[in-house]
Amino acid sequence: MSKKSRLICACCEGEIGIDEPVYYGDEKTYYEGKPLCEACYFEDEPVARVYYGRDDYPHIISLTRNETEGDFWVKWKSTDPWRGYYEVYSDVFSRIFSDAILAYHESEQMLKDLNDRLIELYSEKGIEFARVFTRTSNIFSTGFDFWVRKEPEEILKAGLILEQVKREVNYDDPVYSTGILFDRETFKELQRIFSGKYQIRDEMDLLKLVSERGEDLVKEILESRQK
Ligand SMILES: [Zn+2]
C-alpha cells in the first residue's frame, strides 16, 4: 500500500482525495493555513460582506476565505451559548458608524436612507469608505457598519458628514430604539403607567429603570392596574 499520506479537510474532516485539489484557509480566517477540500473552501457561508465605495459587488469573508486581502477580518463574539455576532476588525480602516438592521422594524427604512445618503456624500467628497454587513445569530438582525480610511482628516471629514446625515434621517428619534426588546404596545403601556414618575424615552431608559428598581417596579405596575 502506498503510504502517500492523504490530507484531512480541517472543516468537514473528510479525506481529500489524491486527485482532488487541496485548498488552504485564507489569511486572517478561522481556518487560516489549514487544509480544506474544495467544497468547504468555496461553499462556506459568508459571515461578512464588504462593499468598497460605490461597489455593488461584495467581497466576502467566511471562515475559510477572505476576499478583502486582509483589509478586514472577523472574530466570533458569543454573548451566551446561544447567541453572538461577528466582530469586524481592520488595521487600515476605522469604523465610524455601527448599527444593526432589524428586519421589519421601522428603523430599516431610516437606515437605508442613511446608507444611500452617506454613499452619495462620501463619494462626492472623495472619502474612501467601505460598508460591512455581518451575520448575527438572530436571522432578523444584520450588523451594519461604515468604515473610512484610518487617517485623522478622513475620519474627521466623514464624521462631520455622518452627523449631518443622522440629523437628515432623524437617526436619534426614539422610535428607532423601541420595539426591539419590548413590543411597541407593551412599551407604550409601560410609558403610560410610569408617566409623570419616570422619564422613559426609549428601551434603554426602561431597561435602566428595571435594573435600578427591580421588584419594586413590578409592584408599581400591579398597583397601577388595581386603580
Ligand atoms: Zn471539507
# chains A, B, ... in the order shown; residues from 1 in each chain; ligands from 1
call {"tool": "residues_near_ligand", "arguments": {"ligand": "ligand 1", "cutoff": "8 Å", "atoms": "only C-alpha atoms and all ligand atoms", "output": "list of chain:residue names"}}
result
A:Ile8, A:Cys9, A:Ala10, A:Cys11, A:Cys12, A:Glu13, A:Gly14, A:Glu15, A:Ile16, A:Leu36, A:Cys37, A:Glu38, A:Ala39, A:Cys40, A:Tyr41
call {"tool": "residues_around", "arguments": {"residues": "Trp147 (chain A)", "least_positions_apart": "4", "cutoff": "6 Å", "atoms": "only C-alpha atoms", "output": "VMD selection string"}}
result
chain A and resid 93 to 96 129 to 130
call {"tool": "write_last_selection", "arguments": {"atoms": "C-alpha atoms", "output": "compact mmCIF listing (two decimals), in the first residue's frame"}}
result
# COMPACT_ATOMS: atom_id res chain seq x y z
CA PHE A 93 -9.98 51.25 8.02
CA SER A 94 -11.63 52.82 11.02
CA ARG A 95 -15.26 52.16 11.96
CA ILE A 96 -17.24 55.37 12.22
CA PHE A 129 -15.07 54.17 2.59
CA ALA A 130 -16.37 50.63 2.93
call {"tool": "closest_residue", "arguments": {"among": "A:Asp55, A:Glu69, A:Asp205, A:Asp80", "to": "Lys28 (chain A)", "atoms": "only C-alpha atoms"}}
result
A:Glu69
call {"tool": "select_by_dssp", "arguments": {"residues": "region 4-220 of chain A", "states": "helix (DSSP H, G or I)", "output": "ChimeraX atom specification"}}
result
/A:38-43,107-124,152-168,174-177,184-194,203-213,215-220
call {"tool": "select_by_dssp", "arguments": {"residues": "region 118-188 of chain A", "states": "strand (DSSP E)", "output": "PyMOL selection string"}}
result
chain A and resi 129-135+141-149
call {"tool": "write_last_selection", "arguments": {"atoms": "N, CA and C atoms", "output": "PDB file, in the first residue's frame"}}
result
ATOM      1  N   PHE A 129     -14.292  54.833   1.554  1.00  0.00           N
ATOM      2  CA  PHE A 129     -15.074  54.172   2.590  1.00  0.00           C
ATOM      3  C   PHE A 129     -15.437  52.750   2.187  1.00  0.00           C
ATOM      4  N   ALA A 130     -15.880  51.993   3.176  1.00  0.00           N
ATOM      5  CA  ALA A 130     -16.373  50.633   2.929  1.00  0.00           C
ATOM      6  C   ALA A 130     -17.538  50.388   3.871  1.00  0.00           C
ATOM      7  N   ARG A 131     -18.461  49.559   3.416  1.00  0.00           N
ATOM      8  CA  ARG A 131     -19.571  49.143   4.286  1.00  0.00           C
ATOM      9  C   ARG A 131     -19.399  47.660   4.580  1.00  0.00           C
ATOM     10  N   VAL A 132     -19.669  47.293   5.810  1.00  0.00           N
ATOM     11  CA  VAL A 132     -19.537  45.888   6.179  1.00  0.00           C
ATOM     12  C   VAL A 132     -20.856  45.410   6.790  1.00  0.00           C
ATOM     13  N   PHE A 133     -21.361  44.322   6.235  1.00  0.00           N
ATOM     14  CA  PHE A 133     -22.585  43.703   6.741  1.00  0.00           C
ATOM     15  C   PHE A 133     -22.212  42.359   7.351  1.00  0.00           C
ATOM     16  N   THR A 134     -22.633  42.137   8.577  1.00  0.00           N
ATOM     17  CA  THR A 134     -22.247  40.887   9.246  1.00  0.00           C
ATOM     18  C   THR A 134     -23.452  40.083   9.705  1.00  0.00           C
ATOM     19  N   ARG A 135     -23.256  38.790   9.706  1.00  0.00           N
ATOM     20  CA  ARG A 135     -24.285  37.868  10.157  1.00  0.00           C
ATOM     21  C   ARG A 135     -24.307  37.843  11.687  1.00  0.00           C
ATOM     22  N   SER A 141     -31.580  40.035  12.275  1.00  0.00           N
ATOM     23  CA  SER A 141     -30.688  41.148  12.555  1.00  0.00           C
ATOM     24  C   SER A 141     -29.366  40.997  11.800  1.00  0.00           C
ATOM     25  N   THR A 142     -28.949  42.077  11.151  1.00  0.00           N
ATOM     26  CA  THR A 142     -27.683  42.081  10.410  1.00  0.00           C
ATOM     27  C   THR A 142     -26.841  43.258  10.883  1.00  0.00           C
ATOM     28  N   GLY A 143     -25.594  42.998  11.215  1.00  0.00           N
ATOM     29  CA  GLY A 143     -24.702  44.081  11.596  1.00  0.00           C
ATOM     30  C   GLY A 143     -24.398  44.958  10.393  1.00  0.00           C
ATOM     31  N   PHE A 144     -24.321  46.248  10.609  1.00  0.00           N
ATOM     32  CA  PHE A 144     -24.162  47.190   9.502  1.00  0.00           C
ATOM     33  C   PHE A 144     -23.201  48.301   9.936  1.00  0.00           C
ATOM     34  N   ASP A 145     -22.051  48.363   9.292  1.00  0.00           N
ATOM     35  CA  ASP A 145     -21.023  49.346   9.670  1.00  0.00           C
ATOM     36  C   ASP A 145     -20.569  50.178   8.474  1.00  0.00           C
ATOM     37  N   PHE A 146     -20.162  51.388   8.768  1.00  0.00           N
ATOM     38  CA  PHE A 146     -19.445  52.213   7.786  1.00  0.00           C
ATOM     39  C   PHE A 146     -18.017  52.384   8.289  1.00  0.00           C
ATOM     40  N   TRP A 147     -17.069  52.203   7.409  1.00  0.00           N
ATOM     41  CA  TRP A 147     -15.663  52.364   7.756  1.00  0.00           C
ATOM     42  C   TRP A 147     -15.019  53.353   6.789  1.00  0.00           C
ATOM     43  N   VAL A 148     -14.061  54.115   7.282  1.00  0.00           N
ATOM     44  CA  VAL A 148     -13.291  55.005   6.398  1.00  0.00           C
ATOM     45  C   VAL A 148     -11.805  54.782   6.660  1.00  0.00           C
ATOM     46  N   ARG A 149     -10.996  55.212   5.697  1.00  0.00           N
ATOM     47  CA  ARG A 149      -9.543  55.063   5.835  1.00  0.00           C
ATOM     48  C   ARG A 149      -9.060  55.591   7.187  1.00  0.00           C
TER      49      ARG A 149
END
call {"tool": "closest_residue", "arguments": {"among": "A:Lys219, A:His59, A:Lys197, A:Arg65", "to": "Tyr24 (chain A)", "atoms": "only C-alpha atoms"}}
result
A:Arg65
call {"tool": "atom_distance", "arguments": {"atom1": "CA of Arg83 (chain A)", "atom2": "CA of Ile200 (chain A)"}}
result
27.5 Å
call {"tool": "closest_atom_pairs", "arguments": {"of": "region 46-130 of chain A", "to": "region 156-168 of chain A", "cutoff": "8 Å", "atoms": "only C-alpha atoms", "output": "JSON lines"}}
result
{"residue": "A:Ile96", "atom": "CA", "partner": "A:Gly159", "partner_atom": "CA", "distance": 6.8}
{"residue": "A:Leu114", "atom": "CA", "partner": "A:Val165", "partner_atom": "CA", "distance": 6.4}
{"residue": "A:Arg117", "atom": "CA", "partner": "A:Val165", "partner_atom": "CA", "distance": 6.9}
{"residue": "A:Leu118", "atom": "CA", "partner": "A:Leu162", "partner_atom": "CA", "distance": 7.0}
{"residue": "A:Leu121", "atom": "CA", "partner": "A:Ile161", "partner_atom": "CA", "distance": 7.5}
{"residue": "A:Tyr122", "atom": "CA", "partner": "A:Ala158", "partner_atom": "CA", "distance": 7.1}
{"residue": "A:Ile127", "atom": "CA", "partner": "A:Ala158", "partner_atom": "CA", "distance": 7.1}
call {"tool": "write_last_selection", "arguments": {"atoms": "N, CA and C atoms", "output": "mmCIF file, in the first residue's frame"}}
result
data_model
loop_
_atom_site.group_PDB
_atom_site.id
_atom_site.type_symbol
_atom_site.label_atom_id
_atom_site.label_comp_id
_atom_site.auth_asym_id
_atom_site.auth_seq_id
_atom_site.Cartn_x
_atom_site.Cartn_y
_atom_site.Cartn_z
ATOM 1 N N ILE A 96 -16.679 54.124 11.706
ATOM 2 C CA ILE A 96 -17.241 55.372 12.220
ATOM 3 C C ILE A 96 -18.737 55.258 12.488
ATOM 4 N N LEU A 114 -30.067 56.494 5.385
ATOM 5 C CA LEU A 114 -28.747 56.900 5.880
ATOM 6 C C LEU A 114 -27.645 56.304 4.998
ATOM 7 N N ARG A 117 -27.561 58.045 1.530
ATOM 8 C CA ARG A 117 -27.092 59.425 1.635
ATOM 9 C C ARG A 117 -25.578 59.472 1.917
ATOM 10 N N LEU A 118 -25.114 58.579 2.794
ATOM 11 C CA LEU A 118 -23.676 58.549 3.099
ATOM 12 C C LEU A 118 -22.867 58.152 1.865
ATOM 13 N N LEU A 121 -22.730 61.265 -0.381
ATOM 14 C CA LEU A 121 -21.880 62.366 0.086
ATOM 15 C C LEU A 121 -20.409 61.972 0.178
ATOM 16 N N TYR A 122 -20.134 60.767 0.660
ATOM 17 C CA TYR A 122 -18.737 60.329 0.758
ATOM 18 C C TYR A 122 -18.107 60.243 -0.633
ATOM 19 N N ILE A 127 -14.176 60.672 -0.157
ATOM 20 C CA ILE A 127 -13.784 59.937 1.052
ATOM 21 C C ILE A 127 -13.775 58.444 0.733
#
call {"tool": "closest_residue", "arguments": {"among": "A:Ser137, A:Gly25, A:Asp91, A:Asp216", "to": "Trp76 (chain A)", "atoms": "only C-alpha atoms"}}
result
A:Ser137
call {"tool": "atom_distance", "arguments": {"atom1": "CA of Trp73 (chain A)", "atom2": "CA of Pro152 (chain A)"}}
result
21.8 Å
call {"tool": "atom_distance", "arguments": {"atom1": "CA of Ala100 (chain A)", "atom2": "CA of Glu120 (chain A)"}}
result
20.7 Å
call {"tool": "closest_residue", "arguments": {"among": "A:Asp173, A:Glu215, A:Glu32, A:Asp19", "to": "Ser107 (chain A)", "atoms": "only C-alpha atoms"}}
result
A:Asp173
call {"tool": "decode", "arguments": {"residues": "region 27-171 of chain A", "atoms": "C-alpha atoms", "output": "mmCIF file, in the first residue's frame"}}
result
data_model
loop_
_atom_site.group_PDB
_atom_site.id
_atom_site.type_symbol
_atom_site.label_atom_id
_atom_site.label_comp_id
_atom_site.auth_asym_id
_atom_site.auth_seq_id
_atom_site.Cartn_x
_atom_site.Cartn_y
_atom_site.Cartn_z
ATOM 1 C CA GLU A 27 -5.014 34.595 5.823
ATOM 2 C CA LYS A 28 -6.948 36.008 8.775
ATOM 3 C CA THR A 29 -9.732 33.469 8.667
ATOM 4 C CA TYR A 30 -10.719 30.840 11.199
ATOM 5 C CA TYR A 31 -9.169 28.100 9.032
ATOM 6 C CA GLU A 32 -6.058 30.116 8.124
ATOM 7 C CA GLY A 33 -3.419 27.802 6.656
ATOM 8 C CA LYS A 34 -5.438 24.651 7.335
ATOM 9 C CA PRO A 35 -6.074 22.157 4.521
ATOM 10 C CA LEU A 36 -9.576 22.201 3.121
ATOM 11 C CA CYS A 37 -11.475 20.323 0.460
ATOM 12 C CA GLU A 38 -12.841 22.264 -2.488
ATOM 13 C CA ALA A 39 -16.430 22.303 -1.254
ATOM 14 C CA CYS A 40 -15.553 23.509 2.229
ATOM 15 C CA TYR A 41 -13.247 26.189 0.881
ATOM 16 C CA PHE A 42 -15.731 27.667 -1.591
ATOM 17 C CA GLU A 43 -19.087 26.881 -0.108
ATOM 18 C CA ASP A 44 -18.546 28.093 3.417
ATOM 19 C CA GLU A 45 -21.292 30.605 4.067
ATOM 20 C CA PRO A 46 -20.094 34.220 4.251
ATOM 21 C CA VAL A 47 -20.192 35.789 7.698
ATOM 22 C CA ALA A 48 -19.408 39.259 6.415
ATOM 23 C CA ARG A 49 -19.814 41.096 3.142
ATOM 24 C CA VAL A 50 -17.634 44.106 2.443
ATOM 25 C CA TYR A 51 -18.597 46.701 -0.153
ATOM 26 C CA TYR A 52 -15.880 49.172 -1.071
ATOM 27 C CA GLY A 53 -17.055 52.664 -2.006
ATOM 28 C CA ARG A 54 -19.893 52.613 -4.505
ATOM 29 C CA ASP A 55 -19.247 48.974 -5.480
ATOM 30 C CA ASP A 56 -22.306 46.811 -5.524
ATOM 31 C CA TYR A 57 -20.171 43.697 -5.598
ATOM 32 C CA PRO A 58 -19.408 42.239 -2.154
ATOM 33 C CA HIS A 59 -16.015 40.971 -1.046
ATOM 34 C CA ILE A 60 -16.878 38.158 1.265
ATOM 35 C CA ILE A 61 -15.323 36.926 4.470
ATOM 36 C CA SER A 62 -16.165 33.402 5.528
ATOM 37 C CA LEU A 63 -14.395 31.080 7.932
ATOM 38 C CA THR A 64 -12.245 29.856 5.027
ATOM 39 C CA ARG A 65 -11.973 32.786 2.630
ATOM 40 C CA ASN A 66 -11.158 36.446 2.923
ATOM 41 C CA GLU A 67 -11.635 38.406 -0.276
ATOM 42 C CA THR A 68 -10.604 41.702 1.318
ATOM 43 C CA GLU A 69 -6.945 40.690 1.253
ATOM 44 C CA GLY A 70 -6.658 41.276 4.948
ATOM 45 C CA ASP A 71 -8.225 44.757 4.992
ATOM 46 C CA PHE A 72 -10.881 43.295 7.251
ATOM 47 C CA TRP A 73 -11.236 40.184 9.346
ATOM 48 C CA VAL A 74 -13.813 38.864 11.768
ATOM 49 C CA LYS A 75 -13.969 37.110 15.103
ATOM 50 C CA TRP A 76 -16.971 35.445 16.658
ATOM 51 C CA LYS A 77 -18.077 37.014 19.927
ATOM 52 C CA SER A 78 -20.508 34.915 21.865
ATOM 53 C CA THR A 79 -22.813 36.730 24.235
ATOM 54 C CA ASP A 80 -24.070 33.423 25.649
ATOM 55 C CA PRO A 81 -24.000 29.821 24.428
ATOM 56 C CA TRP A 82 -26.902 30.520 22.084
ATOM 57 C CA ARG A 83 -26.161 33.953 20.805
ATOM 58 C CA GLY A 84 -23.412 36.039 19.377
ATOM 59 C CA TYR A 85 -22.214 38.099 16.496
ATOM 60 C CA TYR A 86 -19.137 38.581 14.352
ATOM 61 C CA GLU A 87 -16.941 41.468 15.381
ATOM 62 C CA VAL A 88 -15.113 43.089 12.470
ATOM 63 C CA TYR A 89 -11.518 44.316 12.680
ATOM 64 C CA SER A 90 -9.273 46.318 10.379
ATOM 65 C CA ASP A 91 -5.833 47.876 10.506
ATOM 66 C CA VAL A 92 -6.372 50.195 7.559
ATOM 67 C CA PHE A 93 -9.981 51.251 8.021
ATOM 68 C CA SER A 94 -11.633 52.822 11.018
ATOM 69 C CA ARG A 95 -15.261 52.161 11.958
ATOM 70 C CA ILE A 96 -17.241 55.372 12.220
ATOM 71 C CA PHE A 97 -20.770 54.010 12.270
ATOM 72 C CA SER A 98 -22.223 50.797 13.611
ATOM 73 C CA ASP A 99 -25.794 49.642 13.928
ATOM 74 C CA ALA A 100 -27.976 46.629 13.307
ATOM 75 C CA ILE A 101 -30.539 46.266 10.572
ATOM 76 C CA LEU A 102 -33.642 44.744 12.081
ATOM 77 C CA ALA A 103 -35.932 43.216 9.503
ATOM 78 C CA TYR A 104 -39.492 44.566 9.608
ATOM 79 C CA HIS A 105 -38.589 47.242 12.149
ATOM 80 C CA GLU A 106 -39.315 50.933 11.436
ATOM 81 C CA SER A 107 -35.619 51.702 11.565
ATOM 82 C CA GLU A 108 -34.971 49.588 8.472
ATOM 83 C CA GLN A 109 -36.013 52.311 6.012
ATOM 84 C CA MET A 110 -34.264 55.033 8.030
ATOM 85 C CA LEU A 111 -31.001 53.053 7.893
ATOM 86 C CA LYS A 112 -31.460 52.533 4.161
ATOM 87 C CA ASP A 113 -31.826 56.309 3.737
ATOM 88 C CA LEU A 114 -28.747 56.900 5.880
ATOM 89 C CA ASN A 115 -26.844 54.339 3.813
ATOM 90 C CA ASP A 116 -27.827 55.910 0.476
ATOM 91 C CA ARG A 117 -27.092 59.425 1.635
ATOM 92 C CA LEU A 118 -23.676 58.549 3.099
ATOM 93 C CA ILE A 119 -22.661 56.750 -0.095
ATOM 94 C CA GLU A 120 -23.669 59.804 -2.086
ATOM 95 C CA LEU A 121 -21.880 62.366 0.086
ATOM 96 C CA TYR A 122 -18.737 60.329 0.758
ATOM 97 C CA SER A 123 -18.353 59.659 -2.967
ATOM 98 C CA GLU A 124 -18.880 63.332 -3.726
ATOM 99 C CA LYS A 125 -16.221 64.387 -1.205
ATOM 100 C CA GLY A 126 -13.758 61.730 -2.307
ATOM 101 C CA ILE A 127 -13.784 59.937 1.052
ATOM 102 C CA GLU A 128 -12.562 56.354 0.799
ATOM 103 C CA PHE A 129 -15.074 54.172 2.590
ATOM 104 C CA ALA A 130 -16.373 50.633 2.929
ATOM 105 C CA ARG A 131 -19.571 49.143 4.286
ATOM 106 C CA VAL A 132 -19.537 45.888 6.179
ATOM 107 C CA PHE A 133 -22.585 43.703 6.741
ATOM 108 C CA THR A 134 -22.247 40.887 9.246
ATOM 109 C CA ARG A 135 -24.285 37.868 10.157
ATOM 110 C CA THR A 136 -25.580 37.503 13.699
ATOM 111 C CA SER A 137 -27.221 34.585 15.480
ATOM 112 C CA ASN A 138 -30.542 36.374 15.039
ATOM 113 C CA ILE A 139 -31.716 35.845 11.475
ATOM 114 C CA PHE A 140 -33.695 39.071 11.643
ATOM 115 C CA SER A 141 -30.688 41.148 12.555
ATOM 116 C CA THR A 142 -27.683 42.081 10.410
ATOM 117 C CA GLY A 143 -24.702 44.081 11.596
ATOM 118 C CA PHE A 144 -24.162 47.190 9.502
ATOM 119 C CA ASP A 145 -21.023 49.346 9.670
ATOM 120 C CA PHE A 146 -19.445 52.213 7.786
ATOM 121 C CA TRP A 147 -15.663 52.364 7.756
ATOM 122 C CA VAL A 148 -13.291 55.005 6.398
ATOM 123 C CA ARG A 149 -9.543 55.063 5.835
ATOM 124 C CA LYS A 150 -7.688 55.222 9.120
ATOM 125 C CA GLU A 151 -6.406 58.780 8.642
ATOM 126 C CA PRO A 152 -7.299 61.557 11.066
ATOM 127 C CA GLU A 153 -8.538 64.049 8.463
ATOM 128 C CA GLU A 154 -10.616 61.400 6.655
ATOM 129 C CA ILE A 155 -12.212 60.270 9.906
ATOM 130 C CA LEU A 156 -12.979 63.859 10.855
ATOM 131 C CA LYS A 157 -14.453 64.740 7.462
ATOM 132 C CA ALA A 158 -16.512 61.552 7.388
ATOM 133 C CA GLY A 159 -17.678 62.084 10.979
ATOM 134 C CA LEU A 160 -18.982 65.568 10.252
ATOM 135 C CA ILE A 161 -20.924 64.336 7.240
ATOM 136 C CA LEU A 162 -22.268 61.444 9.307
ATOM 137 C CA GLU A 163 -23.637 63.850 11.933
ATOM 138 C CA GLN A 164 -25.337 65.863 9.209
ATOM 139 C CA VAL A 165 -26.907 62.761 7.657
ATOM 140 C CA LYS A 166 -28.043 61.460 11.057
ATOM 141 C CA ARG A 167 -29.977 64.702 11.511
ATOM 142 C CA GLU A 168 -31.421 64.462 8.000
ATOM 143 C CA VAL A 169 -32.792 60.955 8.525
ATOM 144 C CA ASN A 170 -33.816 61.548 12.157
ATOM 145 C CA TYR A 171 -31.454 58.882 13.379
#
